[in-house]
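Comments concern the structure below.
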Amino acid sequence: MNRRTLLATISAGFLFTLLIPYNRIRRAFLRMRSAGRLESKILATLASAAECVYPEDHEPGAQSLGILNFLTLQINQDYYRHAIPGLKKLAQSLDREAQKRGGLSFGDMDRTLQDAIVEAVNSGSLDTIYPGIQRNLHTLIDITLEGCFADSVHGGNRERQAWIIMQGGIRQEWFDV
Amino acid sequence: MSSLSKKYDVCVIGSGAGGAPLAWSLAKRGLSVVLLERGKRYSPRDIPKDEYAVCRKPLFRPSRTEGLREIHYGSASSLNANYLWTATCVGGATRVMSGFFLPMNEEDFAPRSRFGSVPEASHQGWPITYNDLAPYYDQVEAALGMSGNALRTPHQEKEFSCPALEAHPCSQLIDRSCKELGYSPFPTPRAVLSVDWPEKDRGKCSYSGFCGSYGCLTGAKGSTHETYIPWAEKTGNLTLLQQHYVYRLESQGTKVTAASCFDKDGVPIRIKARLFVCAASTIESARLLLNSHSTTFAQGLANRSGQVGKNLSFTIPCEVTGYFDKDLFPSASQSNSPFVQRTIQDFHTLDNPGLTYARGGSVIFLLPHPNPIQRMISLSYGPNGKRILGKTLKERARRYFSFNHLQSDSFIEFLPNPKTFITLSQNTRDIWGIPSARIAIHHHPQNILASQIMAQKIAGLYQHMGARYAEYNPNLFTAGELQQGTCRFGDDPTTSVLDPNCQSHDVPNLYVTDGSFMPSGLPVPSTFTIMANSLRVADHIYKKGL
């Protein structure tokens, strides 16, 4: 590179940094730092745990309402970005506890055993082994109920079946306005 | 940093209840006004009646990635969260308000002389009286198209511009029971149109039920976005700059010279004006002044008294829910109107031997919030912070929804106290590197007691109406929407930030007109009073000259 090209490159670089405001770069950096995506295996584990939060009986539970679809569509969006590290840890801890108790991953376990683990997490008794796991489960509870009870357009609440439990207590006809 | 070449007469920061009426009042009289708003301008279609989009996603408040606040509740450990925002959009919190427009009564202006002082509470009397605000209450009512055809309050008769909104059938049951118990219910005054106003380009209420917390599709709700802002724009004297975040007021000596802000791309801009009005919300206005320290004002702009950020208070919407058999009145979905439209003010003074500060508040009846997510999440909370899951949660939900519910919000004054204030956080900054607000909240024991007494009285009324049982939620930790204090007004510059006209004691070309100016909490929702005061201050500014 001759001297003239070098000088031109440095000047162009200098002008470029003047053109891009510092704050735009700073914000982009902060967004990148807080980013991270949940993979499908983790999402599947979370969907299994969501079924323990809102199970099927004579009315649909989280899984049949489409919680996995909701998580897939929504969880990597900006709104949940702050929750991703905690949810990832929750899924990993549930798998580890499942391996310890039954030699299987959480998703492959029997529902009764899954319920027992989730109940133990909710009671706070596993927090000494997996610090912060109760708080992360509480985040999943909120997200599960959001997924199940938000309008179907967001990916869960298949055919608005979740709202049956509300026995006319909400004004469904206005959701299409 | 670039500066806009134009120097405006007035720069208003915040387009909600405190900023927009003033901006309109000055713009229509020929002053050039720039209105800076941190949030976006949403069209009605941008804010659908979708519980998830509106309540869970950050449509109306900054996202977590933009920065968190440091919050301390009582003795609990600190929490970094994006809580306690009113609303960040053009129109501010008036976009999402319920529009319960109750004015203050005469005695509300002198709480200390009426109800006495209380240890560990710093509430003060107002330096103005009801008569100073009354003409401006009238102006707001006429401008917004208040609905109701009965009494404005039990103390003053008032005909409104529009007939009352249709009421849910349970209002008849409330009327009957209240009268049997000697209470005086009256139709809740609402800043919601009950008839079309084509000349103002606003339609009547559609009774969707998605009112408080939601935007309005027809323009019936009297938000500043539907009223004062478009009217001000029509004058040709208003420049609205949305997505402009003011982080500092520049000053020379005791005069503000410019507002430094970031535009939507993060580009720093300086806006010059002859006079500045802060109306960015109680917490954000105080934060802005504290962040605008200079050699003249080392503790923060206009803060020689050391009072900026102090005396933060709220209006506590203490909730009591009554559970009624389904045959007693129709559910929300079976009625033409989702509004109960009844208020009682018989508990403004409480007679209880344990209560040294006998001030209660107004009670507004309503049906529970229609958001199904919110209702399910609240049902999942059990005692001691444990969450309720699985079959137990579903059974709880079924039992809950097997009843019809009536809810009441009691608006009780939050006593300002030395442990409730805002300062700048030492640990938390926003995405632009500006120190965030550190908010400390401590409930005065008298507030908790007053809240319990009010709840018992309302539970008694529900029982008389035939309720199976009542549930009480003091809502002490979520009372964030109605905020007051932090830049209180008064006659004494050593104990107040603003003079009785909301002009800074220290900085002559600075005014504050959001809820910050209030020296005590209110027993009614504060939006109506903030709007009326905004018009009062505009008159003062115009008469005084720039």
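Order determines the names: the first chain of the structure tokens is A, the second B, and so forth; residues in each chain are numbered 1 upward, and ligands are numbered 1 upward as they are shown.
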Proximal residues of chain B relative to chain A (only C-alpha atoms; 6 Å) as a list in words: Tyr52, Lys57, Gly266, Ser333, Pro370, Ile373, Leu389, Gly390 and Phe401 of chain B
| task | Compile the contact shell of stretch 106-112 of chain A as a list in words: residues with an atom at most 7 Å away, counting only C-alpha atoms, same-chain residues fewer than 6 positions apart removed. | result |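 Counting only the stated atoms, we get Thr45, Ser48, Leu94, Asp95 and Ala98 of chain A.
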Go ahead and save the residues from that selection, with C-alpha atoms, as a short mmCIF file (atom, residue, chain, number, x, y, z; two decimals), in the first residue's frame.
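Below you can see part13.cif, which holds the result:
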data_model
loop_
_atom_site.label_atom_id
_atom_site.label_comp_id
_atom_site.auth_asym_id
_atom_site.auth_seq_id
_atom_site.Cartn_x
_atom_site.Cartn_y
_atom_site.Cartn_z
CA THR A 45 -37.37 -28.89 27.82
CA SER A 48 -42.26 -29.89 29.08
CA LEU A 94 -33.93 -29.55 35.09
CA ASP A 95 -32.08 -31.93 32.77
CA ALA A 98 -33.71 -35.51 35.85
#
Neighbour list for A:Gly132 as an mmCIF file with all heavy atoms, in the first residue's frame, cut-off 10 Å, only C-alpha atoms, skip fewer than 4 positions in-chain:
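Saved file selection_5.cif follows:
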data_model
loop_
_atom_site.group_PDB
_atom_site.id
_atom_site.type_symbol
_atom_site.label_atom_id
_atom_site.label_comp_id
_atom_site.auth_asym_id
_atom_site.auth_seq_id
_atom_site.Cartn_x
_atom_site.Cartn_y
_atom_site.Cartn_z
ATOM 1 N N GLY A 86 -31.369 -16.955 32.157
ATOM 2 C CA GLY A 86 -32.014 -17.669 33.265
ATOM 3 C C GLY A 86 -32.783 -18.887 32.787
ATOM 4 O O GLY A 86 -32.753 -19.947 33.417
ATOM 5 N N LYS A 89 -30.402 -21.669 31.909
ATOM 6 C CA LYS A 89 -29.909 -22.329 33.130
ATOM 7 C C LYS A 89 -30.980 -23.232 33.716
ATOM 8 O O LYS A 89 -30.695 -24.324 34.199
ATOM 9 C CB LYS A 89 -29.523 -21.268 34.169
ATOM 10 C CG LYS A 89 -28.048 -20.913 34.132
ATOM 11 C CD LYS A 89 -27.740 -19.792 35.060
ATOM 12 C CE LYS A 89 -27.311 -20.250 36.431
ATOM 13 N NZ LYS A 89 -26.905 -19.092 37.259
ATOM 14 N N LEU A 90 -32.240 -22.761 33.671
ATOM 15 C CA LEU A 90 -33.348 -23.557 34.206
ATOM 16 C C LEU A 90 -33.443 -24.889 33.455
ATOM 17 O O LEU A 90 -33.519 -25.958 34.072
ATOM 18 C CB LEU A 90 -34.661 -22.780 34.070
ATOM 19 C CG LEU A 90 -35.933 -23.560 34.417
ATOM 20 C CD1 LEU A 90 -35.991 -23.894 35.899
ATOM 21 C CD2 LEU A 90 -37.189 -22.783 34.025
ATOM 22 N N VAL A 121 -38.515 -27.506 42.761
ATOM 23 C CA VAL A 121 -37.923 -26.216 42.366
ATOM 24 C C VAL A 121 -38.778 -25.078 42.906
ATOM 25 O O VAL A 121 -38.278 -24.107 43.487
ATOM 26 C CB VAL A 121 -37.814 -26.104 40.822
ATOM 27 C CG1 VAL A 121 -37.340 -24.707 40.421
ATOM 28 C CG2 VAL A 121 -36.876 -27.161 40.260
ATOM 29 N N GLY A 124 -38.360 -24.151 46.452
ATOM 30 C CA GLY A 124 -37.062 -23.537 46.785
ATOM 31 C C GLY A 124 -36.046 -24.538 47.312
ATOM 32 O O GLY A 124 -34.914 -24.178 47.626
ATOM 33 N N LEU A 126 -34.402 -26.834 45.856
ATOM 34 C CA LEU A 126 -33.251 -27.160 44.997
ATOM 35 C C LEU A 126 -32.334 -25.949 44.768
ATOM 36 O O LEU A 126 -31.353 -26.046 44.036
ATOM 37 C CB LEU A 126 -33.737 -27.691 43.642
ATOM 38 C CG LEU A 126 -34.479 -29.023 43.678
ATOM 39 C CD1 LEU A 126 -34.848 -29.481 42.269
ATOM 40 C CD2 LEU A 126 -33.653 -30.109 44.356
ATOM 41 N N ASP A 127 -32.653 -24.853 45.407
ATOM 42 C CA ASP A 127 -31.865 -23.640 45.171
ATOM 43 C C ASP A 127 -30.426 -23.761 45.683
ATOM 44 O O ASP A 127 -29.538 -23.082 45.165
ATOM 45 C CB ASP A 127 -32.541 -22.418 45.810
ATOM 46 C CG ASP A 127 -33.189 -21.534 44.752
ATOM 47 O OD1 ASP A 127 -34.025 -22.069 43.998
ATOM 48 O OD2 ASP A 127 -32.832 -20.351 44.669
ATOM 49 N N THR A 128 -30.218 -24.590 46.677
ATOM 50 C CA THR A 128 -28.844 -24.735 47.176
ATOM 51 C C THR A 128 -27.983 -25.483 46.156
ATOM 52 O O THR A 128 -26.793 -25.228 46.029
ATOM 53 C CB THR A 128 -28.826 -25.508 48.507
ATOM 54 O OG1 THR A 128 -29.683 -26.636 48.364
ATOM 55 C CG2 THR A 128 -29.291 -24.629 49.662
ATOM 56 N N ASN A 136 -35.836 -18.558 38.297
ATOM 57 C CA ASN A 136 -35.951 -18.826 36.860
ATOM 58 C C ASN A 136 -37.244 -19.582 36.533
ATOM 59 O O ASN A 136 -37.848 -19.362 35.485
ATOM 60 C CB ASN A 136 -34.730 -19.602 36.364
ATOM 61 C CG ASN A 136 -33.463 -18.760 36.452
ATOM 62 O OD1 ASN A 136 -33.521 -17.537 36.379
ATOM 63 N ND2 ASN A 136 -32.320 -19.404 36.638
ATOM 64 N N LEU A 137 -37.660 -20.455 37.459
ATOM 65 C CA LEU A 137 -38.939 -21.152 37.238
ATOM 66 C C LEU A 137 -40.088 -20.133 37.279
ATOM 67 O O LEU A 137 -41.024 -20.219 36.469
ATOM 68 C CB LEU A 137 -39.161 -22.237 38.295
ATOM 69 C CG LEU A 137 -40.535 -22.922 38.188
ATOM 70 C CD1 LEU A 137 -40.603 -23.818 36.951
ATOM 71 C CD2 LEU A 137 -40.864 -23.737 39.424
#
Original post:
Contacts of A:Thr139 at 8 Å or less, counting only C-alpha atoms, minus same-chain residues fewer than 4 places along, as a ChimeraX atom specification?
Top reply: /A:83,87,135,143
Per-residue DSSP, chain A, filtered to helix (DSSP H, G or I), as an MDAnalysis selection string: chainID A and resid 3:19 22:34 40:53 67:74 78:102 106:108 111:123 133:149 152:154 158:166 172:174
Review point. Taking only C-alpha atoms into account, which of B:Gln124, B:Glu37, B:Asp514, B:Gln446 comes nearest B:Cys261?
Key: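 Closest to B:Cys261 of all the choices is B:Glu37.
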With distances taken over only C-alpha atoms, the candidate from B:Ala23, B:Ile434, B:Ala467, B:Met376 nearest B:Phe403 is B:Ala467
Problem set entry | Residues within 12 Å of B:Lys326, only C-alpha atoms, excluding chain neighbours under 2 positions, as a PyMOL selection string | (chain A and resi 167-169) or (chain B and resi 170+323-324+328-332+334+400-406+466-468)
Give me a file of those residues, with N, CA and C atoms, as a short mmCIF file (atom, residue, chain, number, x, y, z; two decimals), in the first residue's frame.
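Final output, part.cif:
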data_model
loop_
_atom_site.label_atom_id
_atom_site.label_comp_id
_atom_site.auth_asym_id
_atom_site.auth_seq_id
_atom_site.Cartn_x
_atom_site.Cartn_y
_atom_site.Cartn_z
N GLN A 167 -64.92 -18.88 31.65
CA GLN A 167 -66.39 -18.96 31.76
C GLN A 167 -67.09 -17.63 31.46
N GLY A 168 -66.69 -17.01 30.39
CA GLY A 168 -67.35 -15.75 30.01
C GLY A 168 -66.85 -14.54 30.77
N GLY A 169 -65.83 -14.72 31.58
CA GLY A 169 -65.32 -13.62 32.40
C GLY A 169 -64.54 -12.59 31.62
N CYS B 170 -74.82 -3.95 37.35
CA CYS B 170 -74.50 -4.06 38.78
C CYS B 170 -74.51 -2.68 39.46
N TYR B 323 -66.86 -11.30 45.42
CA TYR B 323 -67.23 -12.49 44.64
C TYR B 323 -68.74 -12.66 44.73
N PHE B 324 -69.41 -12.58 43.60
CA PHE B 324 -70.88 -12.64 43.56
C PHE B 324 -71.34 -13.83 42.75
N LEU B 328 -76.64 -12.95 40.19
CA LEU B 328 -76.91 -11.65 40.82
C LEU B 328 -76.80 -10.50 39.83
N PHE B 329 -75.85 -10.59 38.93
CA PHE B 329 -75.76 -9.63 37.83
C PHE B 329 -74.97 -10.27 36.69
N PRO B 330 -75.12 -9.77 35.47
CA PRO B 330 -74.44 -10.42 34.34
C PRO B 330 -72.93 -10.22 34.39
N SER B 331 -72.23 -11.11 33.72
CA SER B 331 -70.77 -10.97 33.65
C SER B 331 -70.41 -9.88 32.64
N ALA B 332 -69.12 -9.56 32.59
CA ALA B 332 -68.65 -8.50 31.69
C ALA B 332 -69.04 -8.78 30.25
N GLN B 334 -71.55 -10.43 29.15
CA GLN B 334 -72.99 -10.51 28.86
C GLN B 334 -73.69 -9.16 28.92
N TYR B 400 -62.37 -19.30 40.75
CA TYR B 400 -62.40 -17.84 40.63
C TYR B 400 -63.41 -17.41 39.57
N PHE B 401 -63.35 -18.06 38.43
CA PHE B 401 -64.22 -17.63 37.33
C PHE B 401 -65.65 -18.17 37.44
N SER B 402 -65.91 -18.98 38.49
CA SER B 402 -67.30 -19.43 38.67
C SER B 402 -68.14 -18.32 39.30
N PHE B 403 -67.48 -17.24 39.70
CA PHE B 403 -68.20 -16.08 40.26
C PHE B 403 -68.12 -14.91 39.29
N ASN B 404 -69.00 -13.95 39.49
CA ASN B 404 -68.81 -12.63 38.88
C ASN B 404 -68.11 -11.75 39.90
N HIS B 405 -67.33 -10.84 39.41
CA HIS B 405 -66.54 -10.03 40.34
C HIS B 405 -66.86 -8.56 40.19
N LEU B 406 -66.82 -7.90 41.30
CA LEU B 406 -66.90 -6.45 41.31
C LEU B 406 -65.67 -5.97 42.05
N GLY B 466 -74.78 -8.80 48.80
CA GLY B 466 -75.00 -10.23 48.59
C GLY B 466 -73.78 -10.99 48.13
N ALA B 467 -72.59 -10.42 48.33
CA ALA B 467 -71.37 -11.11 47.90
C ALA B 467 -71.12 -12.34 48.76
N ARG B 468 -70.53 -13.37 48.14
CA ARG B 468 -70.15 -14.56 48.92
C ARG B 468 -68.97 -14.20 49.82
#
Determine, counting only C-alpha atoms, which protein, DNA and RNA residues have an atom within 12 Å of an atom of B:Asn533; residues of the same chain fewer than 4 positions away are not included. Present the result as an MDAnalysis selection string. chainID B and resid 17:22 25 103:104 128:140 279 489 500:502 511:518 526:529 537:540
Among stretch 278-485 of chain B, which residues does DSSP mark as strand (DSSP E or B) when it is run on the backbone? Keep the chain and numbering as in the structure and answer as a PyMOL selection string. chain B and resi 278+313-324+342-344+349+359+361-366+381+387+404-413+421-429+435-441+469-473+483-484
Check your understanding: So which residues touch A:Ala47 within 7 Å, counting only C-alpha atoms, skipping near sequence neighbours fewer than 4 positions away, as a PyMOL selection string?
Key -> chain A and resi 43+51+63+67-68
Could you tell me how far atom CA of B:Tyr183 lies from atom CA of B:Ile344, in Å and to one decimal?
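Interatomic distance here is 7.2 Å.
The two atoms in question, atom CA of A:Gln77 and atom CA of A:Ile42, are spaced 15.8 Å apart.
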